[in-house]
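Asker: Structure below; questions to follow.
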Amino acid sequence: MTQDELKRKTAEAALEYIKGVPIVGVGTGSTVNHFIDFLVDMRSSIDGAVSSSETTTARLKEVGIPVIDLNSVGEIEVYVDGADEVNPLKQMIKGGGGALTREKIVAAASKTFVCIVDASKEVDALGDYPLPIEVIPMARSYVAREMVKMGGRPVWREDYFTDNGNEIIDIHNLDIREPIAMEKTINNIPGVVSVGIFAERPADIVLIGSENGIISK
Ligand code: 5RP
């Protein structure tokens, strides 16, 4: 099976978790795009979705799923999203697609986070994947220098702007032995909007698509 086929199978498996759920939180990325395709069949049983990015919003609207403002709902029952890396503690690196800030907000506002990944995203320790950090544009160089002090090699995602009008730097070679501590430290750097470590609020369920079927953790 190709990686994309594995992503699709995993996305399909997530449907099990949204049965009877009126408002679903929807992440961003190629795995989630498959999930949205499947969500179409459940259109009549859901009131709508809370979206984590402009791309996802456009896709949801395209297939006729109402997009609901997070401010007008209480706690979301289930949030479904992909990840760039996930460790055995269900902590993740996210933000490869640049939607990390809104993803983190929707994840925080959700009771259950169902992470859908293909097996290539499963890691023992986070950090091989370059860590995305969303920064206020004027703080980009300052934050980058702070990350160098922490042992990382920052690379500016040039000519890229997030849905919030900010910029992203991707940090290579970072030693993320303690994801929660690292998440807090980076969040405290002035100019950082959010960091792609999702450890303080990890996933609750991880569905991993492999050649041997879907593994649920
Ligand atoms: C977007 C993300 C995505 O969840 C992550 O990049 C995984 O994407 P894909 O499903 O395309 O592999 O965090 O900001």
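Residues in the structure tokens are named by chain (A, B, ... in the order shown) and by number from 1 within that chain; ligands are numbered from 1 in the order shown.
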Dump as a Markdown table the rows for residues of chain A within 7 Å of ligand 1: closest atom pair and distance in Å with one decimal, only C-alpha atoms and all ligand atoms counted, ordered by chain and rising residue number.
Answerer:
```
| residue | atom | partner | partner_atom_place_in_ligand_line | distance |
| --- | --- | --- | --- | --- |
| A:Gly27 | CA | ligand 1 | 4 (O) | 6.4 |
| A:Thr28 | CA | ligand 1 | 1 (C) | 5.0 |
| A:Gly29 | CA | ligand 1 | 11 (O) | 3.8 |
| A:Ser30 | CA | ligand 1 | 11 (O) | 3.6 |
| A:Thr31 | CA | ligand 1 | 10 (O) | 3.8 |
| A:Val32 | CA | ligand 1 | 10 (O) | 5.9 |
| A:Asp81 | CA | ligand 1 | 4 (O) | 5.6 |
| A:Gly82 | CA | ligand 1 | 4 (O) | 3.6 |
| A:Ala83 | CA | ligand 1 | 4 (O) | 4.0 |
| A:Asp84 | CA | ligand 1 | 7 (C) | 4.7 |
| A:Lys94 | CA | ligand 1 | 13 (O) | 3.7 |
| A:Gly95 | CA | ligand 1 | 14 (O) | 3.4 |
| A:Gly96 | CA | ligand 1 | 6 (O) | 3.7 |
| A:Gly97 | CA | ligand 1 | 1 (C) | 3.6 |
| A:Gly98 | CA | ligand 1 | 14 (O) | 4.3 |
| A:Ala99 | CA | ligand 1 | 14 (O) | 3.8 |
| A:Leu100 | CA | ligand 1 | 14 (O) | 4.8 |
| A:Val117 | CA | ligand 1 | 10 (O) | 6.7 |
```
Asker: Hey, can you check how far CA of Lys184 in chain A sits from CA of Glu200 in chain A?
Answerer: 8.5 Å
Asker: Assign secondary structure with DSSP using the backbone only, and return the residues of range 91-121 of chain A in strand (DSSP E or B) as a list in words.
Answerer: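 The strand (DSSP E or B) residues within range 91-121 of chain A come out as Met92, Ile93, Ser110, Lys111, Thr112, Phe113, Val114, Cys115, Ile116, Val117 and Asp118 of chain A.
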Asker: Restricting it to all heavy atoms, dump the selection as a PDB file, in the first residue's frame.
Answerer:
```pdb
ATOM      1  N   MET A  92       3.134  14.765  20.197  1.00  0.00           N
ATOM      2  CA  MET A  92       3.326  14.902  18.758  1.00  0.00           C
ATOM      3  C   MET A  92       4.157  16.122  18.377  1.00  0.00           C
ATOM      4  O   MET A  92       4.255  17.071  19.150  1.00  0.00           O
ATOM      5  CB  MET A  92       1.947  15.079  18.082  1.00  0.00           C
ATOM      6  CG  MET A  92       1.003  13.927  18.248  1.00  0.00           C
ATOM      7  SD  MET A  92      -0.720  14.458  18.122  1.00  0.00           S
ATOM      8  CE  MET A  92      -0.972  15.227  19.709  1.00  0.00           C
ATOM      9  N   ILE A  93       4.714  16.048  17.175  1.00  0.00           N
ATOM     10  CA  ILE A  93       5.152  17.261  16.490  1.00  0.00           C
ATOM     11  C   ILE A  93       4.121  17.491  15.402  1.00  0.00           C
ATOM     12  O   ILE A  93       3.752  16.567  14.680  1.00  0.00           O
ATOM     13  CB  ILE A  93       6.561  17.129  15.880  1.00  0.00           C
ATOM     14  CG1 ILE A  93       7.621  17.213  16.973  1.00  0.00           C
ATOM     15  CG2 ILE A  93       6.799  18.252  14.849  1.00  0.00           C
ATOM     16  CD1 ILE A  93       9.050  17.223  16.479  1.00  0.00           C
ATOM     17  N   SER A 110     -11.004  20.560  22.914  1.00  0.00           N
ATOM     18  CA  SER A 110     -11.682  19.286  22.644  1.00  0.00           C
ATOM     19  C   SER A 110     -11.484  18.279  23.767  1.00  0.00           C
ATOM     20  O   SER A 110     -10.430  18.224  24.400  1.00  0.00           O
ATOM     21  CB  SER A 110     -11.159  18.682  21.339  1.00  0.00           C
ATOM     22  OG  SER A 110     -11.385  19.559  20.266  1.00  0.00           O
ATOM     23  N   LYS A 111     -12.520  17.477  23.970  1.00  0.00           N
ATOM     24  CA  LYS A 111     -12.467  16.449  25.015  1.00  0.00           C
ATOM     25  C   LYS A 111     -11.564  15.290  24.582  1.00  0.00           C
ATOM     26  O   LYS A 111     -10.733  14.820  25.348  1.00  0.00           O
ATOM     27  CB  LYS A 111     -13.902  15.956  25.241  1.00  0.00           C
ATOM     28  CG  LYS A 111     -14.114  15.231  26.528  1.00  0.00           C
ATOM     29  CD  LYS A 111     -15.618  15.161  26.796  1.00  0.00           C
ATOM     30  CE  LYS A 111     -15.977  13.821  27.373  1.00  0.00           C
ATOM     31  NZ  LYS A 111     -17.403  13.532  27.251  1.00  0.00           N
ATOM     32  N   THR A 112     -11.732  14.838  23.358  1.00  0.00           N
ATOM     33  CA  THR A 112     -10.959  13.690  22.870  1.00  0.00           C
ATOM     34  C   THR A 112     -10.244  14.053  21.571  1.00  0.00           C
ATOM     35  O   THR A 112     -10.876  14.517  20.623  1.00  0.00           O
ATOM     36  CB  THR A 112     -11.896  12.481  22.609  1.00  0.00           C
ATOM     37  OG1 THR A 112     -12.603  12.203  23.817  1.00  0.00           O
ATOM     38  CG2 THR A 112     -11.109  11.254  22.188  1.00  0.00           C
ATOM     39  N   PHE A 113      -8.933  13.849  21.567  1.00  0.00           N
ATOM     40  CA  PHE A 113      -8.112  14.118  20.375  1.00  0.00           C
ATOM     41  C   PHE A 113      -7.763  12.780  19.747  1.00  0.00           C
ATOM     42  O   PHE A 113      -7.037  11.975  20.323  1.00  0.00           O
ATOM     43  CB  PHE A 113      -6.855  14.877  20.820  1.00  0.00           C
ATOM     44  CG  PHE A 113      -5.932  15.317  19.688  1.00  0.00           C
ATOM     45  CD1 PHE A 113      -5.068  16.382  19.885  1.00  0.00           C
ATOM     46  CD2 PHE A 113      -5.893  14.684  18.455  1.00  0.00           C
ATOM     47  CE1 PHE A 113      -4.202  16.820  18.882  1.00  0.00           C
ATOM     48  CE2 PHE A 113      -5.041  15.101  17.440  1.00  0.00           C
ATOM     49  CZ  PHE A 113      -4.200  16.175  17.657  1.00  0.00           C
ATOM     50  N   VAL A 114      -8.308  12.553  18.552  1.00  0.00           N
ATOM     51  CA  VAL A 114      -7.983  11.329  17.809  1.00  0.00           C
ATOM     52  C   VAL A 114      -6.949  11.692  16.743  1.00  0.00           C
ATOM     53  O   VAL A 114      -7.229  12.460  15.816  1.00  0.00           O
ATOM     54  CB  VAL A 114      -9.241  10.726  17.140  1.00  0.00           C
ATOM     55  CG1 VAL A 114      -8.876   9.472  16.352  1.00  0.00           C
ATOM     56  CG2 VAL A 114     -10.307  10.415  18.188  1.00  0.00           C
ATOM     57  N   CYS A 115      -5.752  11.155  16.909  1.00  0.00           N
ATOM     58  CA  CYS A 115      -4.660  11.449  15.976  1.00  0.00           C
ATOM     59  C   CYS A 115      -4.601  10.350  14.916  1.00  0.00           C
ATOM     60  O   CYS A 115      -4.573   9.162  15.244  1.00  0.00           O
ATOM     61  CB  CYS A 115      -3.356  11.529  16.754  1.00  0.00           C
ATOM     62  SG  CYS A 115      -1.904  11.744  15.707  1.00  0.00           S
ATOM     63  N   ILE A 116      -4.607  10.746  13.652  1.00  0.00           N
ATOM     64  CA  ILE A 116      -4.598   9.760  12.563  1.00  0.00           C
ATOM     65  C   ILE A 116      -3.306   9.905  11.755  1.00  0.00           C
ATOM     66  O   ILE A 116      -3.035  10.953  11.186  1.00  0.00           O
ATOM     67  CB  ILE A 116      -5.856   9.902  11.661  1.00  0.00           C
ATOM     68  CG1 ILE A 116      -6.103  11.358  11.222  1.00  0.00           C
ATOM     69  CG2 ILE A 116      -7.090   9.364  12.379  1.00  0.00           C
ATOM     70  CD1 ILE A 116      -7.254  11.522  10.202  1.00  0.00           C
ATOM     71  N   VAL A 117      -2.516   8.839  11.750  1.00  0.00           N
ATOM     72  CA  VAL A 117      -1.221   8.876  11.056  1.00  0.00           C
ATOM     73  C   VAL A 117      -0.944   7.552  10.341  1.00  0.00           C
ATOM     74  O   VAL A 117      -1.463   6.505  10.730  1.00  0.00           O
ATOM     75  CB  VAL A 117      -0.047   9.131  12.043  1.00  0.00           C
ATOM     76  CG1 VAL A 117      -0.059  10.546  12.574  1.00  0.00           C
ATOM     77  CG2 VAL A 117      -0.041   8.120  13.181  1.00  0.00           C
ATOM     78  N   ASP A 118      -0.094   7.613   9.338  1.00  0.00           N
ATOM     79  CA  ASP A 118       0.430   6.368   8.783  1.00  0.00           C
ATOM     80  C   ASP A 118       1.667   5.997   9.599  1.00  0.00           C
ATOM     81  O   ASP A 118       2.216   6.828  10.340  1.00  0.00           O
ATOM     82  CB  ASP A 118       0.766   6.538   7.302  1.00  0.00           C
ATOM     83  CG  ASP A 118       1.915   7.491   7.089  1.00  0.00           C
ATOM     84  OD1 ASP A 118       3.074   7.040   7.127  1.00  0.00           O
ATOM     85  OD2 ASP A 118       1.681   8.710   6.935  1.00  0.00           O
TER      86      ASP A 118
END
```
Asker: What does the distance between CA of Asp69 in chain A and CA of Ser53 in chain A come to in Å, to one decimal place?
Answerer: 11.7 Å
Asker: Under the rule that only C-alpha atoms are counted, which of A:Arg177, A:Glu211, A:Tyr142, A:Trp156 is the nearest residue to Gly191 in chain A?
Answerer: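 The answer is A:Tyr142, which sits nearest to Gly191 in chain A.
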Asker: Might you pull out every residue within 12 Å of Ala108 in chain A, with only C-alpha atoms counted and same-chain residues fewer than 2 positions away left off, and present them as a count of residues only?
Answerer: 27
Asker: Among range 2-191 of chain A, which residues does DSSP mark as alpha helix (DSSP H) when it is run on the backbone? Keep the chain and numbering as in the structure and answer as JSON, numbers by chain.
Answerer: {"A": [3, 4, 5, 6, 7, 8, 9, 10, 11, 12, 13, 30, 31, 32, 33, 34, 35, 36, 37, 38, 39, 54, 55, 56, 57, 58, 59, 60, 61, 62, 100, 101, 102, 103, 104, 105, 106, 107, 108, 140, 141, 142, 143, 144, 145, 146, 147, 148, 149, 179, 180, 181, 182, 183, 184, 185, 186, 187]}
Asker: Taking only C-alpha atoms into account, name the residue in A:Leu39, A:Val80, A:Val26, A:Lys217 that is nearest to Thr57 in chain A.
Answerer: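 Of all the options, A:Val26 lies closest to Thr57 in chain A.
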Asker: Just want the 12 Å neighbourhood of Ile168 in chain A, counted on only C-alpha atoms, with same-chain residues fewer than 2 positions away dropped. Output as number ranges by chain.
Answerer: A: 95-101, 130-141, 143-144, 154-166, 170-171, 191-196
Asker: Write to file, as a compact mmCIF listing (two decimals), in the first residue's frame, the residues of the selection just made, with N, CA and C atoms.
Answerer:
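Listed below is the output, result15.txt:
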```txt
# COMPACT_ATOMS: atom_id res chain seq x y z
N GLY A 95 2.42 20.79 12.60
CA GLY A 95 2.69 22.10 12.01
C GLY A 95 3.41 22.04 10.69
N GLY A 96 3.62 20.82 10.20
CA GLY A 96 4.25 20.69 8.88
C GLY A 96 3.46 21.46 7.83
N GLY A 97 2.15 21.49 8.01
CA GLY A 97 1.30 22.23 7.07
C GLY A 97 1.05 23.67 7.50
N GLY A 98 1.69 24.08 8.60
CA GLY A 98 1.64 25.47 9.02
C GLY A 98 0.43 25.89 9.85
N ALA A 99 -0.41 24.90 10.20
CA ALA A 99 -1.66 25.27 10.90
C ALA A 99 -1.58 25.06 12.41
N LEU A 100 -0.36 24.98 12.94
CA LEU A 100 -0.19 24.55 14.33
C LEU A 100 -0.95 25.37 15.37
N THR A 101 -1.04 26.68 15.20
CA THR A 101 -1.66 27.50 16.25
C THR A 101 -3.15 27.20 16.38
N PRO A 130 11.75 18.44 11.58
CA PRO A 130 12.04 19.82 11.99
C PRO A 130 10.84 20.44 12.72
N LEU A 131 11.11 21.04 13.86
CA LEU A 131 10.04 21.56 14.71
C LEU A 131 9.55 22.93 14.23
N PRO A 132 8.27 23.03 13.81
CA PRO A 132 7.75 24.32 13.37
C PRO A 132 7.43 25.24 14.56
N ILE A 133 7.80 26.50 14.41
CA ILE A 133 7.42 27.51 15.41
C ILE A 133 6.79 28.68 14.66
N GLU A 134 5.57 29.05 15.08
CA GLU A 134 4.94 30.23 14.48
C GLU A 134 5.38 31.44 15.27
N VAL A 135 5.89 32.45 14.55
CA VAL A 135 6.41 33.65 15.23
C VAL A 135 5.78 34.91 14.66
N ILE A 136 5.70 35.94 15.52
CA ILE A 136 5.33 37.28 15.05
C ILE A 136 6.47 37.71 14.11
N PRO A 137 6.16 38.21 12.90
CA PRO A 137 7.22 38.47 11.92
C PRO A 137 8.43 39.27 12.45
N MET A 138 8.20 40.32 13.25
CA MET A 138 9.34 41.13 13.72
C MET A 138 10.25 40.37 14.69
N ALA A 139 9.75 39.26 15.23
CA ALA A 139 10.54 38.50 16.23
C ALA A 139 11.30 37.33 15.61
N ARG A 140 11.16 37.16 14.29
CA ARG A 140 11.69 35.95 13.66
C ARG A 140 13.18 35.70 13.95
N SER A 141 14.00 36.73 13.74
CA SER A 141 15.45 36.54 13.92
C SER A 141 15.79 36.34 15.39
N VAL A 143 13.87 35.02 17.76
CA VAL A 143 13.49 33.66 18.17
C VAL A 143 14.48 32.65 17.59
N ALA A 144 14.88 32.88 16.35
CA ALA A 144 15.84 31.97 15.71
C ALA A 144 17.14 31.92 16.52
N PRO A 154 17.75 26.78 13.01
CA PRO A 154 16.50 27.31 12.47
C PRO A 154 16.56 27.56 10.96
N VAL A 155 15.48 27.22 10.29
CA VAL A 155 15.35 27.53 8.86
C VAL A 155 14.03 28.27 8.67
N TRP A 156 14.12 29.44 8.10
CA TRP A 156 12.94 30.29 7.87
C TRP A 156 12.12 29.72 6.71
N ARG A 157 10.82 29.53 6.91
CA ARG A 157 9.93 29.10 5.81
C ARG A 157 9.64 30.36 4.99
N GLU A 158 10.54 30.64 4.07
CA GLU A 158 10.52 31.91 3.36
C GLU A 158 9.25 32.07 2.51
N ASP A 159 8.74 33.29 2.48
CA ASP A 159 7.55 33.62 1.67
C ASP A 159 6.30 32.84 2.10
N TYR A 160 6.31 32.35 3.32
CA TYR A 160 5.14 31.62 3.81
C TYR A 160 4.51 32.42 4.96
N PHE A 161 3.21 32.60 4.91
CA PHE A 161 2.51 33.25 6.01
C PHE A 161 1.38 32.35 6.50
N THR A 162 1.22 32.30 7.81
CA THR A 162 0.16 31.45 8.37
C THR A 162 -1.19 32.13 8.19
N ASP A 163 -2.25 31.40 8.52
CA ASP A 163 -3.60 31.96 8.46
C ASP A 163 -3.74 33.16 9.39
N ASN A 164 -2.83 33.27 10.36
CA ASN A 164 -2.89 34.37 11.33
C ASN A 164 -1.97 35.52 10.93
N GLY A 165 -1.37 35.44 9.75
CA GLY A 165 -0.50 36.51 9.26
C GLY A 165 0.89 36.47 9.86
N ASN A 166 1.27 35.37 10.43
CA ASN A 166 2.60 35.25 11.04
C ASN A 166 3.53 34.40 10.17
N ASP A 170 11.42 26.61 11.03
CA ASP A 170 11.50 25.17 11.30
C ASP A 170 12.85 24.89 11.93
N ILE A 171 12.83 24.24 13.09
CA ILE A 171 14.07 24.03 13.84
C ILE A 171 14.57 22.59 13.65
N GLY A 191 7.58 36.66 21.30
CA GLY A 191 7.48 36.62 19.83
C GLY A 191 7.00 35.28 19.31
N VAL A 192 7.07 34.25 20.17
CA VAL A 192 6.56 32.94 19.75
C VAL A 192 5.04 32.94 19.90
N VAL A 193 4.35 32.59 18.84
CA VAL A 193 2.89 32.48 18.90
C VAL A 193 2.54 31.09 19.39
N SER A 194 3.13 30.09 18.77
CA SER A 194 2.97 28.73 19.29
C SER A 194 4.05 27.83 18.69
N VAL A 195 4.27 26.73 19.37
CA VAL A 195 5.31 25.79 18.95
C VAL A 195 4.63 24.47 18.60
N GLY A 196 5.22 23.78 17.64
CA GLY A 196 4.60 22.54 17.14
C GLY A 196 4.77 21.31 18.00
```
Asker: Grab the CA of Glu12 in chain A to CA of His34 in chain A distance for me, in Å with one decimal place.
Answerer: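 We find that CA of Glu12 in chain A and CA of His34 in chain A lie 7.6 Å from each other.
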Asker: Fewer than 3 positions away in the same chain doesn't count, so skip those; otherwise give me all residues within 9 Å of Leu126 in chain A, counting only C-alpha atoms, as a ChimeraX atom specification.
Answerer: /A:85-87,91-93,123,129,175-177,179,197
Asker: When you count only C-alpha atoms, which of these residues is closest to Thr185 in chain A: A:Ser72, A:Lys9, A:Thr2, A:Glu146?
Answerer: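 The closest residue to Thr185 in chain A is A:Glu146.
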Asker: Counting only C-alpha atoms, which of A:Asp41, A:Ala107, A:Ala11, A:Ala125 gets nearest to Leu89 in chain A?
Answerer: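 Answer, going by the shortest atom-to-atom distance: A:Ala125.
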